[in-house]
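**Q** Here you go, one structure.
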Amino acid sequence: MTKLSDRRLLVALSALPGVVGIVGAFGLVLSSGATSPAWPAAVGLTGLLASLSSAWLMRERLAAEARAAVVLEPTLPAAGIQGLDRLCIDVLPIWSRQVETASSQTEEAITSLTERFSGIHQRLEAVSDITFF
């Protein structure tokens, strides 16, 4: 594959957590028999946030990879800072792994938040069933 099609594939895959989140949240809402009009908005917002955060993290990762691929031209080292160029080159893979970790933690947090909203909804439905009968 070319670089452009690789990038498009990565961008398309970055939307996957949002799609999975939306489908899962709709499944939870439908299985609980939710009738509130606020639920579709909450589910859509959850999916949108998941997609946006995943896309942002993917963009940052691609930018870090592009910066790492740039060949550094030999320059005169700054006075007193020997090996700064090498240090920067060594640090980029670590930063890339940190971005990946942040992405997975964000996805887990969004999933947890969706589950918590579902639990709140179920408890509210149970209370409203008791209250109105």
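Every chain in the structure tokens takes a letter, A first, then B, and so on in the order presented; its residues are numbered from 1, and the ligands are numbered from 1 following the presented order.
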Running DSSP on the backbone, which parts of range 50-124 of chain A land in alpha helix (DSSP H), as a VMD selection string?
**A** chain A and resid 50 to 69 84 to 124
**Q** Restricting the calculation to only C-alpha atoms, which member of A:Thr46, A:Gln82, A:Ser96, A:Thr131 is positioned closest to Thr111 in chain A?
**A**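 Among A:Thr46, A:Gln82, A:Ser96, A:Thr131, it is A:Thr46 that comes nearest to Thr111 in chain A.
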**Q** Taking only C-alpha atoms into account, name the residue in A:Ile81, A:Leu113, A:Ala126, A:Val99 that is nearest to Leu62 in chain A.
**A**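 Of all the options, A:Val99 lies closest to Leu62 in chain A.
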**Q** From the options A:Glu125, A:Glu100, A:Trp95, A:Glu115, which residue's atoms come nearest to Trp56 in chain A, counting only C-alpha atoms?
**A**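 Looking at the shortest contact to Trp56 in chain A, the residue is A:Glu100.
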**Q** For a quick check of understanding, using only C-alpha atoms, which of A:Leu92, A:Ser53, A:Leu84, A:Leu45 has the smallest distance to Ala66 in chain A?
**A** A:Leu92
